[in-house]
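Novice: Once you've had a glance at the structure underneath, I'll fire off some questions.
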Amino acid sequence: MRRAGKIVGRLLKLMEKEARPGITTRALDKIAEDFIRSNGAEPAFKGYHGFPASICVSVNEEVVHGIPGPKALKSGDIVGVDVGVVLDGYYSDAARTFSIGEVDEESRRLIRVTREALYKGIEQAVEGNRLTDISWAVQSHAEAAGYGVVRQFVGHGIGRNLHEEPQVPNYGKPNQGPRLVVGMALAIEPMINAGTHEVEVLSDGWTVVTKDRKRSAHFEQTIFVGKNKPEIVTE
Ligand code: MG
């Protein structure tokens with residue numbers, strides 16, 4: 001998982017560099033697939049329940065699971081890139097949201113708060129805490145900023161499969177659910193909306209958008225629960 005995670009982390013750095021006005025989301029997907037395969041790994045999303053690409057690219061009001069296509073990014077967009085990699089049977093999964101060109105202050109704040117919410121959640125991934133301590137840390141940070149926390153999609157356990165038990169919601173009262181133990185592998189992934197927390201799926205069967213079409217941001221890391229400090233696998 002560490003080796004897979006290193007590829008994911010390096011790829012997201014590359015995506016940040018390549019995501020510029022004028023590039024199509026399909027071109028980003030091609031760069032990502034080539035990078036993953038040239039590192040001896042495989043894209044975990046490609047073919048997953050029929051998903052047609054190696055990355056999910058979600059622009060502006062798209063929350064998650066956007067399908068790469070002929071649409072070009074333009075200045076002012078915000079774009080979430082989510083990628084999973086499998087190497088020698090083990091998975092790692094992460095996402096970041098990038099600003100394209102000149103982005104308004106409101107969108108920059110949404111991105112900043114979502115990233116902060118992820119790290120508030122990660123901080124809770126230590127032995128002795130319970131699962132929803134992560135959830136509550138994410139929710140309380142995002143809602144204090146006035147944002148909506150997506151309920152319909154959640155984080156997850158990860159390891160020999162892309163998605164494993166337990167589900168890791170980004171909302172919920174603290175001190176519930178399984179007790180965290182050292183080495184437990186979780187993908188923590190807040191999806192935070194500028195407006196309502198409600199989402200819907202477009203007719204392509206994949207793309208999740210906000211119900212009010214306001215913008216959304218998404219950050220994710222695969223982590224190992226630690227004794228005093230979690231280990232981030234996908235940095
Ligand atoms: Mg994930």
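Chain labels run A, B, ... following the order of the structure tokens; each chain numbers its residues from 1, and ligands are numbered from 1 in the order shown.
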Which of stretch 66-207 of chain A end up as helix (DSSP H, G or I) when DSSP is run on this backbone - answer as a PDB file with C-alpha atoms, in the first residue's frame?
Specialist:
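Written out: result.pdb:
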```pdb
ATOM      1  CA  GLU A 105     -12.144  34.021  -3.382  1.00  0.00           C
ATOM      2  CA  GLU A 106     -15.273  32.015  -2.508  1.00  0.00           C
ATOM      3  CA  SER A 107     -14.019  28.945  -4.355  1.00  0.00           C
ATOM      4  CA  ARG A 108     -10.553  29.265  -2.847  1.00  0.00           C
ATOM      5  CA  ARG A 109     -12.120  29.321   0.615  1.00  0.00           C
ATOM      6  CA  LEU A 110     -14.189  26.212  -0.187  1.00  0.00           C
ATOM      7  CA  ILE A 111     -11.039  24.367  -1.275  1.00  0.00           C
ATOM      8  CA  ARG A 112      -9.102  25.498   1.807  1.00  0.00           C
ATOM      9  CA  VAL A 113     -11.818  24.521   4.271  1.00  0.00           C
ATOM     10  CA  THR A 114     -12.294  21.112   2.604  1.00  0.00           C
ATOM     11  CA  ARG A 115      -8.568  20.386   2.827  1.00  0.00           C
ATOM     12  CA  GLU A 116      -8.566  21.493   6.478  1.00  0.00           C
ATOM     13  CA  ALA A 117     -11.583  19.259   7.188  1.00  0.00           C
ATOM     14  CA  LEU A 118      -9.693  16.272   5.770  1.00  0.00           C
ATOM     15  CA  TYR A 119      -6.727  16.924   8.061  1.00  0.00           C
ATOM     16  CA  LYS A 120      -9.014  17.466  11.089  1.00  0.00           C
ATOM     17  CA  GLY A 121     -10.415  14.019  10.312  1.00  0.00           C
ATOM     18  CA  ILE A 122      -7.008  12.429   9.803  1.00  0.00           C
ATOM     19  CA  GLU A 123      -5.820  13.758  13.207  1.00  0.00           C
ATOM     20  CA  LEU A 131     -14.601   5.732  13.861  1.00  0.00           C
ATOM     21  CA  THR A 132     -17.040   8.627  14.072  1.00  0.00           C
ATOM     22  CA  ASP A 133     -14.503  10.798  15.873  1.00  0.00           C
ATOM     23  CA  ILE A 134     -13.146  11.199  12.334  1.00  0.00           C
ATOM     24  CA  SER A 135     -16.639  11.912  10.975  1.00  0.00           C
ATOM     25  CA  TRP A 136     -17.440  14.515  13.594  1.00  0.00           C
ATOM     26  CA  ALA A 137     -14.119  16.324  13.159  1.00  0.00           C
ATOM     27  CA  VAL A 138     -14.787  16.674   9.415  1.00  0.00           C
ATOM     28  CA  GLN A 139     -18.434  17.693   9.783  1.00  0.00           C
ATOM     29  CA  SER A 140     -17.946  20.246  12.537  1.00  0.00           C
ATOM     30  CA  HIS A 141     -15.117  21.995  10.685  1.00  0.00           C
ATOM     31  CA  ALA A 142     -17.015  22.197   7.380  1.00  0.00           C
ATOM     32  CA  GLU A 143     -20.327  23.238   8.902  1.00  0.00           C
ATOM     33  CA  ALA A 144     -18.696  25.917  11.058  1.00  0.00           C
TER      34      ALA A 144
END
```
Novice: Tell me, counting only C-alpha atoms, for each residue of stretch 16-60 of chain A within 12 Å of stretch 209-226 of chain A, which pair of atoms is nearest and how far apart they are in Å to one decimal, in rows ordered by chain and increasing number, as a tab-separated table.
Specialist:
```
residue	atom	partner	partner_atom	distance
A:Cys56	CA	A:His218	CA	11.2
A:Val57	CA	A:His218	CA	10.6
A:Ser58	CA	A:Val209	CA	8.7
A:Val59	CA	A:Arg215	CA	8.4
A:Asn60	CA	A:Arg215	CA	4.9
```
Novice: Can you write just those residues out, N, CA and C atoms, as a PDB file, in the first residue's frame?
Specialist:
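Wrote it out as selection-v9.pdb, contents follow:
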```pdb
ATOM      1  N   CYS A  56     -11.116  10.026 -11.812  1.00  0.00           N
ATOM      2  CA  CYS A  56     -12.370  10.771 -11.816  1.00  0.00           C
ATOM      3  C   CYS A  56     -11.988  12.247 -11.830  1.00  0.00           C
ATOM      4  N   VAL A  57     -12.631  13.009 -12.703  1.00  0.00           N
ATOM      5  CA  VAL A  57     -12.364  14.448 -12.801  1.00  0.00           C
ATOM      6  C   VAL A  57     -13.691  15.174 -12.624  1.00  0.00           C
ATOM      7  N   SER A  58     -13.810  15.933 -11.548  1.00  0.00           N
ATOM      8  CA  SER A  58     -15.091  16.552 -11.203  1.00  0.00           C
ATOM      9  C   SER A  58     -14.912  18.064 -11.151  1.00  0.00           C
ATOM     10  N   VAL A  59     -15.600  18.770 -12.062  1.00  0.00           N
ATOM     11  CA  VAL A  59     -15.390  20.209 -12.265  1.00  0.00           C
ATOM     12  C   VAL A  59     -16.539  21.013 -11.640  1.00  0.00           C
ATOM     13  N   ASN A  60     -16.192  22.016 -10.847  1.00  0.00           N
ATOM     14  CA  ASN A  60     -17.144  22.995 -10.293  1.00  0.00           C
ATOM     15  C   ASN A  60     -18.269  22.330  -9.493  1.00  0.00           C
TER      16      ASN A  60
END
```
Novice: If you run DSSP on the backbone here, which positions in stretch 157-216 of chain A get strand (DSSP E or B)? Please write them as a list of chain:residue names.
Specialist: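 Answer for stretch 157-216 of chain A, restricted to strand (DSSP E or B): A:Gly157, A:Glu164, A:Glu165, A:Pro166, A:Gln167, A:Val168, A:Arg179, A:Ala185, A:Leu186, A:Ala187, A:Ile188, A:Met191, A:Ile192, A:Asn193, A:Val199, A:Glu200, A:Val201, A:Val208, A:Val209, A:Thr210, A:Ser216.
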Novice: Throw together the list of residues within 9 Å of ligand 1, counting only C-alpha atoms and all ligand atoms, and drop it here as a VMD selection string.
Specialist: chain A and resid 82 to 84 92 to 95 154 to 158 162 to 163 186 to 189 220 to 222
Novice: For A:Gly9, which residue out of A:Ile23, A:Ile36, A:Glu42, A:Leu28 is the nearest one, using only C-alpha atoms?
Specialist: A:Ile36
Novice: Here is a test: counting only C-alpha atoms, which residue of A:Gly128, A:Thr234, A:Gly89, A:Val149 is nearest to A:Asn175?
Specialist: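 Nearest to A:Asn175: A:Gly128.
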Novice: Identify which of the residues A:Asp204, A:Asp29, A:Glu164, A:Glu127 lies closest to A:Lys229, counting only C-alpha atoms when measuring atom-to-atom distances.
Specialist: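 Of A:Asp204, A:Asp29, A:Glu164, A:Glu127, the one nearest A:Lys229 is A:Glu127, counting only C-alpha atoms.
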Novice: Report the distance between atom CA of A:Ile7 and atom CA of A:Val79 in Å, rounded to one decimal place.
Specialist: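 Value for the atom CA of A:Ile7-atom CA of A:Val79 distance: 20.1 Å.
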Novice: So how far away is atom CA of A:Met184 from atom CA of A:Glu165, in Å?
Specialist: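 Atom CA of A:Met184 lies at a distance of 10.5 Å from atom CA of A:Glu165.
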Novice: Could you please determine the separation between atom CA of A:Pro169 and atom CA of A:Met191 in Å, to one decimal place?
Specialist: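 Between these atoms lies a distance of 10.2 Å.
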Novice: Measuring atom to atom with only C-alpha atoms, identify which of A:Asn161, A:Ser203, A:Gln124, A:Thr25 is nearest to A:Ile55.
Specialist: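 Smallest separation from A:Ile55 among the options: A:Thr25.
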Novice: Find the residues of stretch 39-92 of chain A that sit at most 6 Å from stretch 18-22 of chain A; for each, write down the nearest two atoms and how far apart they are in Å, to one decimal. Count only C-alpha atoms. Sort by chain, then by number going up, and give it as a Markdown table.
Specialist:
```
| residue | atom | partner | partner_atom | distance |
| --- | --- | --- | --- | --- |
| A:Ala72 | CA | A:Gly22 | CA | 5.2 |
| A:Leu73 | CA | A:Pro21 | CA | 5.0 |
| A:Lys74 | CA | A:Pro21 | CA | 4.3 |
| A:Ser75 | CA | A:Pro21 | CA | 5.4 |
```
Novice: Residues near A:Pro43, anyone? I mean within 10 Å using only C-alpha atoms, not counting same-chain ones fewer than 5 positions away, as a JSON list (two decimals) with N, CA and C atoms, in the first residue's frame.
Specialist:
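Output contents, as saved in part_4.json:
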```json
[["chain", "number", "residue", "atom", "x", "y", "z"],
["A", 8, "VAL", "N", 0.38, 7.20, -6.24],
["A", 8, "VAL", "CA", -0.79, 8.09, -6.19],
["A", 8, "VAL", "C", -0.37, 9.52, -5.84],
["A", 32, "ALA", "N", -2.49, 10.38, -16.78],
["A", 32, "ALA", "CA", -2.55, 9.61, -15.53],
["A", 32, "ALA", "C", -2.36, 8.11, -15.79],
["A", 33, "GLU", "N", -3.08, 7.59, -16.78],
["A", 33, "GLU", "CA", -2.97, 6.15, -17.06],
["A", 33, "GLU", "C", -1.55, 5.78, -17.47],
["A", 34, "ASP", "N", -0.95, 6.61, -18.33],
["A", 34, "ASP", "CA", 0.43, 6.33, -18.76],
["A", 34, "ASP", "C", 1.38, 6.35, -17.56],
["A", 35, "PHE", "N", 1.19, 7.32, -16.66],
["A", 35, "PHE", "CA", 2.06, 7.42, -15.49],
["A", 35, "PHE", "C", 1.92, 6.18, -14.59],
["A", 36, "ILE", "N", 0.69, 5.78, -14.35],
["A", 36, "ILE", "CA", 0.45, 4.63, -13.47],
["A", 36, "ILE", "C", 1.09, 3.37, -14.07],
["A", 37, "ARG", "N", 0.83, 3.12, -15.35],
["A", 37, "ARG", "CA", 1.35, 1.90, -15.98],
["A", 37, "ARG", "C", 2.87, 1.93, -16.10],
["A", 48, "TYR", "N", -13.86, -0.45, -12.98],
["A", 48, "TYR", "CA", -14.53, -0.69, -11.69],
["A", 48, "TYR", "C", -16.03, -0.41, -11.84],
["A", 53, "ALA", "N", -12.55, 5.15, -17.09],
["A", 53, "ALA", "CA", -11.29, 5.90, -17.09],
["A", 53, "ALA", "C", -10.45, 5.59, -15.86],
["A", 54, "SER", "N", -9.22, 6.14, -15.85],
["A", 54, "SER", "CA", -8.28, 5.87, -14.75],
["A", 54, "SER", "C", -8.41, 6.86, -13.61],
["A", 55, "ILE", "N", -8.95, 8.05, -13.91],
["A", 55, "ILE", "CA", -9.18, 9.05, -12.85],
["A", 55, "ILE", "C", -10.64, 9.52, -12.93],
["A", 83, "VAL", "N", -7.89, 9.48, -7.74],
["A", 83, "VAL", "CA", -7.22, 8.36, -8.41],
["A", 83, "VAL", "C", -6.93, 7.23, -7.43],
["A", 84, "GLY", "N", -7.15, 6.01, -7.92],
["A", 84, "GLY", "CA", -6.78, 4.81, -7.16],
["A", 84, "GLY", "C", -5.81, 3.99, -7.98],
["A", 85, "VAL", "N", -4.87, 3.36, -7.26],
["A", 85, "VAL", "CA", -3.83, 2.57, -7.92],
["A", 85, "VAL", "C", -3.75, 1.22, -7.21],
["A", 86, "VAL", "N", -3.54, 0.15, -8.00],
["A", 86, "VAL", "CA", -3.31, -1.16, -7.38],
["A", 86, "VAL", "C", -1.93, -1.65, -7.82],
["A", 87, "LEU", "N", -1.16, -2.07, -6.82],
["A", 87, "LEU", "CA", 0.20, -2.57, -7.07],
["A", 87, "LEU", "C", 0.39, -3.86, -6.27],
["A", 91, "TYR", "N", -4.13, -1.70, -2.72],
["A", 91, "TYR", "CA", -4.71, -0.46, -3.24],
["A", 91, "TYR", "C", -4.35, 0.76, -2.40]]
```
